[in-house]
Structures are given as structure tokens and as C-alpha cells.
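Data block for run-v5.cif (mmCIF, N, CA and C atoms):
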data_start
#
loop_
_atom_site.label_atom_id
_atom_site.label_comp_id
_atom_site.auth_asym_id
_atom_site.auth_seq_id
_atom_site.Cartn_x
_atom_site.Cartn_y
_atom_site.Cartn_z
N THR A 1 -16.24 28.77 -7.56
CA THR A 1 -15.50 27.53 -7.46
C THR A 1 -14.74 27.49 -6.13
N TYR A 2 -14.32 26.30 -5.79
CA TYR A 2 -13.57 26.08 -4.56
C TYR A 2 -12.18 25.58 -4.90
N ASP A 3 -11.23 25.86 -4.02
CA ASP A 3 -9.89 25.33 -4.21
C ASP A 3 -9.93 23.81 -4.05
N ALA A 4 -9.16 23.12 -4.87
CA ALA A 4 -9.06 21.67 -4.73
C ALA A 4 -8.29 21.36 -3.46
N ALA A 5 -8.64 20.27 -2.80
CA ALA A 5 -7.92 19.85 -1.60
C ALA A 5 -6.48 19.54 -1.95
N ALA A 6 -5.59 19.74 -1.00
CA ALA A 6 -4.18 19.45 -1.20
C ALA A 6 -3.66 18.65 -0.01
N ILE A 7 -2.93 17.59 -0.28
CA ILE A 7 -2.36 16.74 0.76
C ILE A 7 -0.94 17.22 1.04
N SER A 8 -0.62 17.43 2.33
CA SER A 8 0.72 17.91 2.68
C SER A 8 1.53 16.91 3.51
N ALA A 9 0.86 16.02 4.25
CA ALA A 9 1.60 15.07 5.09
C ALA A 9 0.73 13.87 5.44
N LEU A 10 1.39 12.76 5.75
CA LEU A 10 0.71 11.54 6.20
C LEU A 10 1.38 11.05 7.47
N ALA A 11 0.58 10.47 8.35
CA ALA A 11 1.15 9.86 9.56
C ALA A 11 0.37 8.60 9.88
N PRO A 12 1.01 7.45 9.88
CA PRO A 12 2.41 7.21 9.54
C PRO A 12 2.57 7.08 8.03
N PRO A 13 3.80 7.25 7.52
CA PRO A 13 4.03 7.13 6.07
C PRO A 13 4.22 5.68 5.61
N ASN A 14 4.21 4.74 6.56
CA ASN A 14 4.46 3.33 6.25
C ASN A 14 3.65 2.48 7.22
N ALA A 15 3.13 1.32 6.74
CA ALA A 15 2.30 0.47 7.59
C ALA A 15 2.43 -0.99 7.19
N PRO A 16 2.06 -1.91 8.10
CA PRO A 16 2.09 -3.33 7.74
C PRO A 16 1.02 -3.66 6.71
N THR A 17 1.19 -4.76 6.00
CA THR A 17 0.27 -5.16 4.93
C THR A 17 -1.08 -5.64 5.45
N SER A 18 -1.19 -5.89 6.75
CA SER A 18 -2.44 -6.42 7.31
C SER A 18 -3.58 -5.41 7.33
N GLY A 19 -3.27 -4.13 7.28
CA GLY A 19 -4.31 -3.10 7.29
C GLY A 19 -4.86 -2.85 8.68
N GLY A 20 -5.97 -2.09 8.75
CA GLY A 20 -6.61 -1.78 10.01
C GLY A 20 -6.02 -0.60 10.76
N LEU A 21 -4.92 -0.07 10.29
CA LEU A 21 -4.24 1.04 10.94
C LEU A 21 -4.86 2.37 10.49
N ALA A 22 -4.94 3.32 11.40
CA ALA A 22 -5.45 4.66 11.06
C ALA A 22 -4.34 5.49 10.43
N LEU A 23 -4.64 6.08 9.28
CA LEU A 23 -3.70 6.94 8.57
C LEU A 23 -4.26 8.35 8.59
N MET A 24 -3.56 9.28 9.26
CA MET A 24 -3.98 10.67 9.31
C MET A 24 -3.44 11.39 8.09
N VAL A 25 -4.33 11.99 7.31
CA VAL A 25 -3.96 12.72 6.11
C VAL A 25 -4.13 14.20 6.42
N ALA A 26 -3.04 14.94 6.40
CA ALA A 26 -3.09 16.38 6.67
C ALA A 26 -2.98 17.14 5.36
N GLY A 27 -3.59 18.30 5.34
CA GLY A 27 -3.55 19.12 4.14
C GLY A 27 -4.38 20.37 4.30
N ARG A 28 -5.03 20.77 3.23
CA ARG A 28 -5.90 21.95 3.29
C ARG A 28 -7.08 21.76 2.34
N ASP A 29 -8.12 22.48 2.62
CA ASP A 29 -9.32 22.52 1.78
C ASP A 29 -10.03 21.17 1.66
N PHE A 30 -10.09 20.43 2.79
CA PHE A 30 -10.86 19.19 2.83
C PHE A 30 -12.34 19.46 3.13
N ALA A 31 -12.75 20.68 3.09
CA ALA A 31 -14.12 21.17 3.28
C ALA A 31 -14.34 21.68 4.70
N ALA A 32 -15.22 22.67 4.81
CA ALA A 32 -15.52 23.28 6.10
C ALA A 32 -16.45 22.43 6.95
N ARG A 33 -17.07 21.43 6.33
CA ARG A 33 -17.94 20.50 7.06
C ARG A 33 -17.79 19.12 6.44
N ASP A 34 -18.34 18.12 7.11
CA ASP A 34 -18.22 16.74 6.65
C ASP A 34 -19.03 16.52 5.38
N LEU A 35 -18.35 16.29 4.27
CA LEU A 35 -19.00 16.01 2.99
C LEU A 35 -18.77 14.56 2.57
N SER A 36 -18.59 13.69 3.57
CA SER A 36 -18.36 12.25 3.35
C SER A 36 -17.20 12.00 2.38
N PRO A 37 -15.99 12.37 2.79
CA PRO A 37 -14.85 12.16 1.90
C PRO A 37 -14.56 10.68 1.70
N GLY A 38 -13.85 10.38 0.65
CA GLY A 38 -13.40 9.03 0.38
C GLY A 38 -11.90 9.04 0.19
N SER A 39 -11.26 7.92 0.42
CA SER A 39 -9.81 7.86 0.20
C SER A 39 -9.41 6.44 -0.18
N ARG A 40 -8.29 6.35 -0.86
CA ARG A 40 -7.74 5.04 -1.19
C ARG A 40 -6.22 5.15 -1.28
N VAL A 41 -5.58 4.04 -1.00
CA VAL A 41 -4.13 3.94 -1.08
C VAL A 41 -3.83 2.95 -2.19
N HIS A 42 -2.97 3.34 -3.10
CA HIS A 42 -2.68 2.55 -4.29
C HIS A 42 -4.03 2.29 -4.98
N ASP A 43 -4.40 1.07 -5.23
CA ASP A 43 -5.66 0.80 -5.90
C ASP A 43 -6.74 0.30 -4.95
N THR A 44 -6.53 0.42 -3.65
CA THR A 44 -7.45 -0.14 -2.66
C THR A 44 -8.11 0.96 -1.84
N ALA A 45 -9.45 0.94 -1.80
CA ALA A 45 -10.18 1.91 -0.99
C ALA A 45 -9.88 1.68 0.48
N CYS A 46 -9.81 2.76 1.24
CA CYS A 46 -9.67 2.63 2.69
C CYS A 46 -10.93 1.99 3.24
N GLU A 47 -10.79 1.24 4.34
CA GLU A 47 -11.96 0.61 4.96
C GLU A 47 -12.96 1.65 5.42
N GLY A 48 -12.47 2.82 5.73
CA GLY A 48 -13.33 3.93 6.12
C GLY A 48 -12.56 5.22 6.05
N THR A 49 -13.24 6.31 5.74
CA THR A 49 -12.62 7.63 5.72
C THR A 49 -13.49 8.56 6.56
N LYS A 50 -12.87 9.25 7.49
CA LYS A 50 -13.61 10.14 8.39
C LYS A 50 -13.07 11.56 8.25
N TRP A 51 -13.97 12.50 8.01
CA TRP A 51 -13.59 13.91 7.97
C TRP A 51 -13.30 14.35 9.40
N VAL A 52 -12.17 15.01 9.61
CA VAL A 52 -11.79 15.51 10.94
C VAL A 52 -11.93 17.02 10.97
N SER A 53 -11.40 17.68 9.92
CA SER A 53 -11.47 19.14 9.84
C SER A 53 -11.14 19.55 8.41
N ASP A 54 -11.11 20.84 8.16
CA ASP A 54 -10.74 21.37 6.86
C ASP A 54 -9.32 20.95 6.47
N SER A 55 -8.52 20.59 7.49
CA SER A 55 -7.11 20.27 7.23
C SER A 55 -6.73 18.83 7.53
N ALA A 56 -7.72 17.96 7.80
CA ALA A 56 -7.37 16.57 8.12
C ALA A 56 -8.52 15.61 7.84
N VAL A 57 -8.17 14.43 7.32
CA VAL A 57 -9.09 13.30 7.21
C VAL A 57 -8.36 12.08 7.75
N LEU A 58 -9.12 11.11 8.21
CA LEU A 58 -8.58 9.89 8.78
C LEU A 58 -9.01 8.71 7.94
N CYS A 59 -8.05 7.95 7.45
CA CYS A 59 -8.30 6.79 6.60
C CYS A 59 -7.95 5.53 7.39
N THR A 60 -8.87 4.58 7.48
CA THR A 60 -8.56 3.28 8.07
C THR A 60 -8.09 2.38 6.94
N LEU A 61 -6.82 2.02 6.98
CA LEU A 61 -6.20 1.28 5.88
C LEU A 61 -6.76 -0.12 5.71
N ALA A 62 -6.96 -0.51 4.48
CA ALA A 62 -7.30 -1.89 4.14
C ALA A 62 -5.98 -2.65 3.99
N GLY A 63 -6.05 -3.96 4.00
CA GLY A 63 -4.84 -4.76 3.77
C GLY A 63 -4.33 -4.55 2.37
N GLY A 64 -3.03 -4.64 2.19
CA GLY A 64 -2.46 -4.45 0.86
C GLY A 64 -1.03 -4.87 0.82
N ALA A 65 -0.39 -4.59 -0.29
CA ALA A 65 1.02 -4.95 -0.43
C ALA A 65 1.80 -3.92 -1.22
N GLY A 66 1.20 -2.85 -1.66
CA GLY A 66 1.95 -1.82 -2.35
C GLY A 66 1.81 -1.87 -3.86
N LYS A 67 2.65 -1.12 -4.52
CA LYS A 67 2.61 -1.01 -5.98
C LYS A 67 3.11 -2.29 -6.63
N PHE A 68 2.58 -2.57 -7.79
CA PHE A 68 3.00 -3.76 -8.52
C PHE A 68 3.55 -3.43 -9.88
N THR A 69 3.35 -2.21 -10.35
CA THR A 69 3.92 -1.79 -11.61
C THR A 69 4.53 -0.41 -11.42
N LEU A 70 5.59 -0.16 -12.12
CA LEU A 70 6.21 1.16 -12.05
C LEU A 70 5.41 2.13 -12.89
N GLY A 71 5.38 3.36 -12.49
CA GLY A 71 4.65 4.36 -13.26
C GLY A 71 4.39 5.59 -12.44
N VAL A 72 3.46 6.38 -12.90
CA VAL A 72 3.17 7.65 -12.26
C VAL A 72 1.83 7.63 -11.51
N VAL A 73 1.33 6.45 -11.19
CA VAL A 73 0.07 6.37 -10.45
C VAL A 73 0.30 6.87 -9.04
N PRO A 74 -0.43 7.89 -8.58
CA PRO A 74 -0.23 8.39 -7.22
C PRO A 74 -0.56 7.33 -6.17
N ASP A 75 0.11 7.43 -5.04
CA ASP A 75 -0.09 6.48 -3.96
C ASP A 75 -1.38 6.71 -3.18
N LEU A 76 -1.73 7.95 -2.94
CA LEU A 76 -2.86 8.27 -2.08
C LEU A 76 -3.82 9.20 -2.81
N PHE A 77 -5.11 8.88 -2.72
CA PHE A 77 -6.16 9.71 -3.31
C PHE A 77 -7.14 10.09 -2.20
N VAL A 78 -7.52 11.34 -2.12
CA VAL A 78 -8.59 11.79 -1.23
C VAL A 78 -9.60 12.53 -2.08
N THR A 79 -10.88 12.12 -1.97
CA THR A 79 -11.94 12.75 -2.74
C THR A 79 -12.89 13.47 -1.79
N VAL A 80 -13.10 14.76 -2.04
CA VAL A 80 -14.04 15.56 -1.26
C VAL A 80 -14.92 16.29 -2.25
N ALA A 81 -16.22 16.03 -2.19
CA ALA A 81 -17.20 16.70 -3.06
C ALA A 81 -16.77 16.65 -4.53
N THR A 82 -16.45 15.50 -5.03
CA THR A 82 -16.05 15.19 -6.41
C THR A 82 -14.67 15.74 -6.81
N ARG A 83 -14.00 16.44 -5.93
CA ARG A 83 -12.65 16.93 -6.22
C ARG A 83 -11.64 15.94 -5.66
N VAL A 84 -10.69 15.53 -6.47
CA VAL A 84 -9.70 14.53 -6.08
C VAL A 84 -8.34 15.18 -5.87
N SER A 85 -7.72 14.90 -4.74
CA SER A 85 -6.34 15.34 -4.52
C SER A 85 -5.48 14.08 -4.38
N THR A 86 -4.22 14.20 -4.77
CA THR A 86 -3.33 13.05 -4.77
C THR A 86 -1.99 13.38 -4.12
N ALA A 87 -1.33 12.35 -3.62
CA ALA A 87 0.03 12.47 -3.11
C ALA A 87 0.80 11.27 -3.62
N SER A 88 1.80 11.52 -4.42
CA SER A 88 2.58 10.44 -5.03
C SER A 88 3.82 10.15 -4.19
N GLY A 89 4.07 8.86 -3.95
CA GLY A 89 5.24 8.46 -3.20
C GLY A 89 5.18 8.77 -1.72
N ALA A 90 3.99 9.10 -1.21
CA ALA A 90 3.85 9.53 0.17
C ALA A 90 3.64 8.38 1.15
N PHE A 91 3.21 7.22 0.66
CA PHE A 91 2.88 6.11 1.56
C PHE A 91 3.37 4.80 0.97
N SER A 92 3.72 3.87 1.83
CA SER A 92 4.10 2.54 1.38
C SER A 92 3.73 1.50 2.43
N TYR A 93 3.50 0.29 1.95
CA TYR A 93 3.34 -0.83 2.87
C TYR A 93 4.72 -1.41 3.14
N ASN A 94 4.88 -2.07 4.27
CA ASN A 94 6.16 -2.69 4.60
C ASN A 94 6.60 -3.63 3.49
N LYS A 95 7.88 -3.65 3.21
CA LYS A 95 8.42 -4.56 2.20
C LYS A 95 8.42 -5.98 2.76
N PRO A 96 8.28 -6.99 1.90
CA PRO A 96 8.34 -8.36 2.38
C PRO A 96 9.67 -8.62 3.11
N LYS A 97 9.60 -9.42 4.16
CA LYS A 97 10.78 -9.74 4.95
C LYS A 97 10.88 -11.25 5.10
N VAL A 98 11.92 -11.84 4.53
CA VAL A 98 12.15 -13.29 4.64
C VAL A 98 12.93 -13.55 5.92
N THR A 99 12.40 -14.42 6.77
CA THR A 99 13.08 -14.77 8.02
C THR A 99 13.58 -16.21 8.03
N LYS A 100 13.08 -17.03 7.10
CA LYS A 100 13.50 -18.43 7.08
C LYS A 100 13.35 -18.98 5.66
N ILE A 101 14.33 -19.79 5.24
CA ILE A 101 14.29 -20.48 3.96
C ILE A 101 14.44 -21.97 4.27
N SER A 102 13.58 -22.79 3.70
CA SER A 102 13.57 -24.22 4.03
C SER A 102 14.81 -24.97 3.58
N ARG A 103 15.49 -24.48 2.58
CA ARG A 103 16.74 -25.13 2.15
C ARG A 103 17.75 -24.04 1.83
N THR A 104 19.00 -24.33 2.15
CA THR A 104 20.05 -23.33 1.94
C THR A 104 20.98 -23.68 0.79
N THR A 105 20.86 -24.91 0.27
CA THR A 105 21.66 -25.29 -0.89
C THR A 105 20.78 -26.00 -1.90
N SER A 106 21.21 -25.96 -3.15
CA SER A 106 20.47 -26.60 -4.23
C SER A 106 21.44 -26.82 -5.38
N PRO A 107 21.23 -27.85 -6.21
CA PRO A 107 22.12 -28.04 -7.35
C PRO A 107 21.99 -26.87 -8.34
N PRO A 108 23.05 -26.55 -9.07
CA PRO A 108 23.02 -25.43 -10.02
C PRO A 108 21.90 -25.53 -11.05
N ALA A 109 21.48 -26.74 -11.39
CA ALA A 109 20.42 -26.90 -12.39
C ALA A 109 19.07 -26.42 -11.88
N GLY A 110 18.94 -26.30 -10.58
CA GLY A 110 17.68 -25.83 -9.99
C GLY A 110 16.62 -26.90 -9.95
N GLY A 111 15.39 -26.50 -9.87
CA GLY A 111 14.26 -27.43 -9.84
C GLY A 111 13.85 -27.85 -8.45
N ASP A 112 14.56 -27.43 -7.41
CA ASP A 112 14.21 -27.80 -6.04
C ASP A 112 13.15 -26.85 -5.48
N LEU A 113 12.38 -27.36 -4.54
CA LEU A 113 11.36 -26.56 -3.87
C LEU A 113 11.97 -25.93 -2.62
N ALA A 114 11.75 -24.66 -2.42
CA ALA A 114 12.18 -23.96 -1.22
C ALA A 114 11.00 -23.18 -0.69
N VAL A 115 10.78 -23.22 0.61
CA VAL A 115 9.69 -22.48 1.25
C VAL A 115 10.29 -21.27 1.95
N LEU A 116 9.78 -20.09 1.61
CA LEU A 116 10.21 -18.85 2.24
C LEU A 116 9.17 -18.46 3.28
N SER A 117 9.62 -18.21 4.49
CA SER A 117 8.73 -17.77 5.57
C SER A 117 9.14 -16.38 6.00
N GLY A 118 8.18 -15.62 6.52
CA GLY A 118 8.51 -14.29 6.99
C GLY A 118 7.28 -13.46 7.23
N ALA A 119 7.37 -12.19 6.90
CA ALA A 119 6.29 -11.25 7.17
C ALA A 119 6.11 -10.29 6.00
N PHE A 120 4.94 -9.68 5.96
CA PHE A 120 4.61 -8.63 4.99
C PHE A 120 4.59 -9.12 3.54
N PHE A 121 4.15 -10.36 3.33
CA PHE A 121 4.04 -10.90 1.98
C PHE A 121 2.74 -10.46 1.31
N GLY A 122 1.89 -9.79 2.01
CA GLY A 122 0.62 -9.33 1.45
C GLY A 122 -0.54 -9.97 2.18
N TYR A 123 -1.69 -9.38 1.98
CA TYR A 123 -2.91 -9.80 2.67
C TYR A 123 -3.64 -10.90 1.91
N VAL A 124 -3.50 -10.92 0.62
CA VAL A 124 -4.08 -11.95 -0.26
C VAL A 124 -3.03 -12.30 -1.31
N ASP A 125 -3.32 -13.25 -2.17
CA ASP A 125 -2.39 -13.66 -3.22
C ASP A 125 -2.28 -12.57 -4.28
N TYR A 126 -1.14 -11.90 -4.32
CA TYR A 126 -0.89 -10.84 -5.31
C TYR A 126 0.03 -11.33 -6.42
N THR A 127 0.07 -12.66 -6.64
CA THR A 127 0.92 -13.28 -7.65
C THR A 127 2.38 -12.86 -7.45
N PRO A 128 2.96 -13.25 -6.32
CA PRO A 128 4.35 -12.86 -6.05
C PRO A 128 5.34 -13.60 -6.94
N VAL A 129 6.54 -13.08 -7.01
CA VAL A 129 7.63 -13.72 -7.73
C VAL A 129 8.81 -13.81 -6.76
N GLY A 130 9.29 -15.05 -6.53
CA GLY A 130 10.46 -15.25 -5.68
C GLY A 130 11.72 -15.12 -6.51
N TYR A 131 12.79 -14.65 -5.89
CA TYR A 131 14.08 -14.49 -6.55
C TYR A 131 15.17 -15.18 -5.73
N VAL A 132 16.12 -15.78 -6.43
CA VAL A 132 17.31 -16.33 -5.80
C VAL A 132 18.50 -15.77 -6.57
N ASP A 133 19.38 -15.11 -5.85
CA ASP A 133 20.55 -14.49 -6.47
C ASP A 133 20.16 -13.62 -7.67
N TYR A 134 19.13 -12.81 -7.49
CA TYR A 134 18.62 -11.85 -8.49
C TYR A 134 18.00 -12.50 -9.72
N GLN A 135 17.76 -13.80 -9.67
CA GLN A 135 17.12 -14.51 -10.78
C GLN A 135 15.73 -14.95 -10.34
N PRO A 136 14.69 -14.72 -11.17
CA PRO A 136 13.33 -15.14 -10.78
C PRO A 136 13.22 -16.65 -10.73
N CYS A 137 12.47 -17.15 -9.77
CA CYS A 137 12.21 -18.58 -9.67
C CYS A 137 11.31 -19.00 -10.84
N ARG A 138 11.38 -20.28 -11.22
CA ARG A 138 10.56 -20.78 -12.32
C ARG A 138 9.08 -20.64 -12.01
N SER A 139 8.74 -20.85 -10.75
CA SER A 139 7.35 -20.66 -10.32
C SER A 139 7.37 -20.25 -8.85
N THR A 140 6.37 -19.47 -8.47
CA THR A 140 6.23 -19.02 -7.10
C THR A 140 4.77 -19.16 -6.72
N ARG A 141 4.50 -19.75 -5.55
CA ARG A 141 3.13 -19.87 -5.05
C ARG A 141 3.03 -19.15 -3.73
N TRP A 142 1.91 -18.52 -3.50
CA TRP A 142 1.65 -17.80 -2.26
C TRP A 142 1.02 -18.71 -1.27
#
Transcribe the structure of this file into C-alpha cells.
Amino acid sequence: TYDAAAISALAPPNAPTSGGLALMVAGRDFAARDLSPGSRVHDTACEGTKWVSDSAVLCTLAGGAGKFTLGVVPDLFVTVATRVSTASGAFSYNKPKVTKISRTTSPPAGGDLAVLSGAFFGYVDYTPVGYVDYQPCRSTRW
């Protein structure tokens, strides 16, 4: 038998939601030769995974937005010759950043439409939920 691969570090540990960035995964036992490794971040496969050495693989990140449910699902998976190694909490996509709100006041009863503009809202519609003063909006559209 062979030792299972182990992930020890990622560079960078954080990236924009647009994807396309190279993520270097360092560790050990990624195989002595290229066995066509695979990798994924959260639930999304990397656009490509390249074996670099026994201690490194390179993942080209796909677009994403991060975790959507709390739990113990590991953030990063690397598969080499059917053996899977994981790293939990090791990577994240940038958090959404609101830079503009179309209206700054509204009656207490609510019901008004407000448009939030900014960055890192995700690459596709991930069914977001907007909040105002820690209260969820009645409806949110991406």
C-alpha cells in the first residue's frame, strides 16, 4: 500500500469568485510521477489540475462563491490514484462586498426595492439572500 496524500498548505488561501486563478497545493505523497490528479474546491471541480511533483499540484480555480451550508464538508479535495486527501477550512472565496445601495431610507413597513451593487457576489446565481439590519429581505434576486 501507499501513504495517502496529505495537504499541508495552499497559496493563495483566498481568491476572487471569478475563478481562473492558479492555486498551488503543497503537501506530500502526491505520487512520484504524474497520475492525472484531480482537485476541487467546495463542490466545484477545478478547471484543471496539474501534477508538479510528489509535494505539489496546481489547481486552476473555477468560478465560485464559497460554502452555502455549515458543516464538516472539507474545502479542498485532491485525488491521486483513487486516494482522496482533504483540507478543511484552508481556502475561501472573497466575501461579497457591497459598494453601493440604490436607496438609503425606506418606511419601517418595508416593501421597497433596493439594488445592491459591488463585487464578489458569485459567478452564477447561487440564490443569495440580502439582509438589512440583520433581517433577511422578503425576496432577493441576483
Listed atoms of range 81-84 of chain A, axis-aligned box, 4 Å per side: centre and edge lengths to one decimal in Å, as JSON?
{"center_x": -12.8, "center_y": 15.7, "center_z": -4.5, "size_x": 16.9, "size_y": 10.4, "size_z": 12.6}
task: May I ask for the distance between CA of Leu58 in chain A and CA of His42 in chain A, given in Å to one decimal place?
output: 16.1 Å
- prompt: Separation of CA of Ser102 in chain A and CA of Val115 in chain A, in Å?
  reply: 5.1 Å
task: Give me the result of the PyMOL selection byres ((chain A and resi 114) around 8) on this file, residue by residue, as a PyMOL selection string.
output: chain A and resi 100-104+111-113+115-117
- prompt: Can you list, as an MDAnalysis selection string, every protein, DNA or RNA residue that comes within 8 Å of Asp3 in chain A when you count all atoms listed in the file, leaving out same-chain residues fewer than 6 positions away?
  reply: chainID A and resid 28:30 83
- prompt: Quick one: of A:Ala109, A:Ala31, A:Val52, A:Leu61, who's nearest to Tyr93 in chain A, counting only C-alpha atoms?
  reply: A:Leu61
- prompt: Got a sec to resolve the PyMOL selection byres ((chain A and resi 139) around 8) on this structure and send the residues as a VMD selection string?
  reply: chain A and resid 128 to 130 136 to 138 140 to 142
task: Compile the contact shell of Gly38 in chain A as a list of chain:residue names: residues with an atom at most 6.5 Å away, counting all atoms listed in the file, same-chain residues fewer than 2 positions apart removed.
output: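 So, after excluding close chain neighbours, the residues are A:Ser36, A:Arg40, A:Thr49, A:Phe77, A:Val78, A:Thr79, A:Val80.
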field: Expansion of the PyMOL selection byres ((chain A and resi 8-11) around 6.5) into residues, as a PyMOL selection string
entry: chain A and resi 6-7+12-14+22-28
- prompt: Is there a way to get, as number ranges by chain, all residues within 9 Å of the point (4.2, 5.7, -2.2) in file coordinates, counting only C-alpha atoms?
  reply: A: 13-14, 41-42, 66-67, 74-76, 87-93
message: Report, in Å with one decimal, the straight-line distance from CA of Gly20 in chain A to CA of Arg33 in chain A.
response: 25.2 Å
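Residue nearest Gly63 in chain A, chosen from A:Ala45, A:Lys97, A:Tyr2, A:Thr105 and counting only N, CA and C atoms: A:Ala45.
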- request: Output as number ranges by chain all residues of range 7-137 of chain A that backbone DSSP marks as strand (DSSP E or B).
  value: A: 7-11, 14-15, 22-28, 38-41, 44-45, 48-53, 56-60, 76-80, 83-87, 92-93, 97-101, 116-119, 131-132, 135-136
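Excluding Lys50 in chain A itself and any same-chain residue fewer than 5 positions from it, the protein and nucleic acid residues within 7 Å of it, counting only C-alpha atoms, are A:Pro37, A:Val57, A:Leu58, A:Cys59.
Excluding Pro96 in chain A and any residue on its chain fewer than 4 positions from it, the residues at most 9 Å away by only C-alpha atoms are Ala65, Gly118, Ala119, Phe120, Phe121 and Gly122 of chain A.
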Mind rebuilding range 74-93 of chain A with N, CA, C and O atoms and writing that out as an mmCIF file, keeping the file's coordinate frame?
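Final output, saved to out.cif:
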data_model
loop_
_atom_site.group_PDB
_atom_site.id
_atom_site.type_symbol
_atom_site.label_atom_id
_atom_site.label_comp_id
_atom_site.auth_asym_id
_atom_site.auth_seq_id
_atom_site.Cartn_x
_atom_site.Cartn_y
_atom_site.Cartn_z
ATOM 1 N N PRO A 74 -0.430 7.890 -8.580
ATOM 2 C CA PRO A 74 -0.230 8.390 -7.220
ATOM 3 C C PRO A 74 -0.560 7.330 -6.170
ATOM 4 O O PRO A 74 -1.386 6.452 -6.391
ATOM 5 N N ASP A 75 0.110 7.430 -5.040
ATOM 6 C CA ASP A 75 -0.090 6.480 -3.960
ATOM 7 C C ASP A 75 -1.380 6.710 -3.180
ATOM 8 O O ASP A 75 -2.025 5.779 -2.744
ATOM 9 N N LEU A 76 -1.730 7.950 -2.940
ATOM 10 C CA LEU A 76 -2.860 8.270 -2.080
ATOM 11 C C LEU A 76 -3.820 9.200 -2.810
ATOM 12 O O LEU A 76 -3.398 10.172 -3.427
ATOM 13 N N PHE A 77 -5.110 8.880 -2.720
ATOM 14 C CA PHE A 77 -6.160 9.710 -3.310
ATOM 15 C C PHE A 77 -7.140 10.090 -2.200
ATOM 16 O O PHE A 77 -7.556 9.227 -1.440
ATOM 17 N N VAL A 78 -7.520 11.340 -2.120
ATOM 18 C CA VAL A 78 -8.590 11.790 -1.230
ATOM 19 C C VAL A 78 -9.600 12.530 -2.080
ATOM 20 O O VAL A 78 -9.247 13.434 -2.832
ATOM 21 N N THR A 79 -10.880 12.120 -1.970
ATOM 22 C CA THR A 79 -11.940 12.750 -2.740
ATOM 23 C C THR A 79 -12.890 13.470 -1.790
ATOM 24 O O THR A 79 -13.401 12.864 -0.847
ATOM 25 N N VAL A 80 -13.100 14.760 -2.040
ATOM 26 C CA VAL A 80 -14.040 15.560 -1.260
ATOM 27 C C VAL A 80 -14.920 16.290 -2.250
ATOM 28 O O VAL A 80 -14.438 17.062 -3.077
ATOM 29 N N ALA A 81 -16.220 16.030 -2.190
ATOM 30 C CA ALA A 81 -17.200 16.700 -3.060
ATOM 31 C C ALA A 81 -16.770 16.650 -4.530
ATOM 32 O O ALA A 81 -16.692 17.659 -5.199
ATOM 33 N N THR A 82 -16.450 15.500 -5.030
ATOM 34 C CA THR A 82 -16.050 15.190 -6.410
ATOM 35 C C THR A 82 -14.670 15.740 -6.810
ATOM 36 O O THR A 82 -14.242 15.546 -7.924
ATOM 37 N N ARG A 83 -14.000 16.440 -5.930
ATOM 38 C CA ARG A 83 -12.650 16.930 -6.220
ATOM 39 C C ARG A 83 -11.640 15.940 -5.660
ATOM 40 O O ARG A 83 -11.695 15.570 -4.497
ATOM 41 N N VAL A 84 -10.690 15.530 -6.470
ATOM 42 C CA VAL A 84 -9.700 14.530 -6.080
ATOM 43 C C VAL A 84 -8.340 15.180 -5.870
ATOM 44 O O VAL A 84 -7.884 15.944 -6.720
ATOM 45 N N SER A 85 -7.720 14.900 -4.740
ATOM 46 C CA SER A 85 -6.340 15.340 -4.520
ATOM 47 C C SER A 85 -5.480 14.080 -4.380
ATOM 48 O O SER A 85 -5.938 13.030 -3.962
ATOM 49 N N THR A 86 -4.220 14.200 -4.770
ATOM 50 C CA THR A 86 -3.330 13.050 -4.770
ATOM 51 C C THR A 86 -1.990 13.380 -4.120
ATOM 52 O O THR A 86 -1.593 14.544 -4.070
ATOM 53 N N ALA A 87 -1.330 12.350 -3.620
ATOM 54 C CA ALA A 87 0.030 12.470 -3.110
ATOM 55 C C ALA A 87 0.800 11.270 -3.620
ATOM 56 O O ALA A 87 0.452 10.139 -3.312
ATOM 57 N N SER A 88 1.800 11.520 -4.420
ATOM 58 C CA SER A 88 2.580 10.440 -5.030
ATOM 59 C C SER A 88 3.820 10.150 -4.190
ATOM 60 O O SER A 88 4.508 11.066 -3.766
ATOM 61 N N GLY A 89 4.070 8.860 -3.950
ATOM 62 C CA GLY A 89 5.240 8.460 -3.200
ATOM 63 C C GLY A 89 5.180 8.770 -1.720
ATOM 64 O O GLY A 89 6.172 8.715 -1.025
ATOM 65 N N ALA A 90 3.990 9.100 -1.210
ATOM 66 C CA ALA A 90 3.850 9.530 0.170
ATOM 67 C C ALA A 90 3.640 8.380 1.150
ATOM 68 O O ALA A 90 3.854 8.541 2.348
ATOM 69 N N PHE A 91 3.210 7.220 0.660
ATOM 70 C CA PHE A 91 2.880 6.110 1.560
ATOM 71 C C PHE A 91 3.370 4.800 0.970
ATOM 72 O O PHE A 91 3.395 4.630 -0.256
ATOM 73 N N SER A 92 3.720 3.870 1.830
ATOM 74 C CA SER A 92 4.100 2.540 1.380
ATOM 75 C C SER A 92 3.730 1.500 2.430
ATOM 76 O O SER A 92 3.617 1.821 3.606
ATOM 77 N N TYR A 93 3.500 0.290 1.950
ATOM 78 C CA TYR A 93 3.340 -0.830 2.870
ATOM 79 C C TYR A 93 4.720 -1.410 3.140
ATOM 80 O O TYR A 93 5.644 -1.239 2.349
#
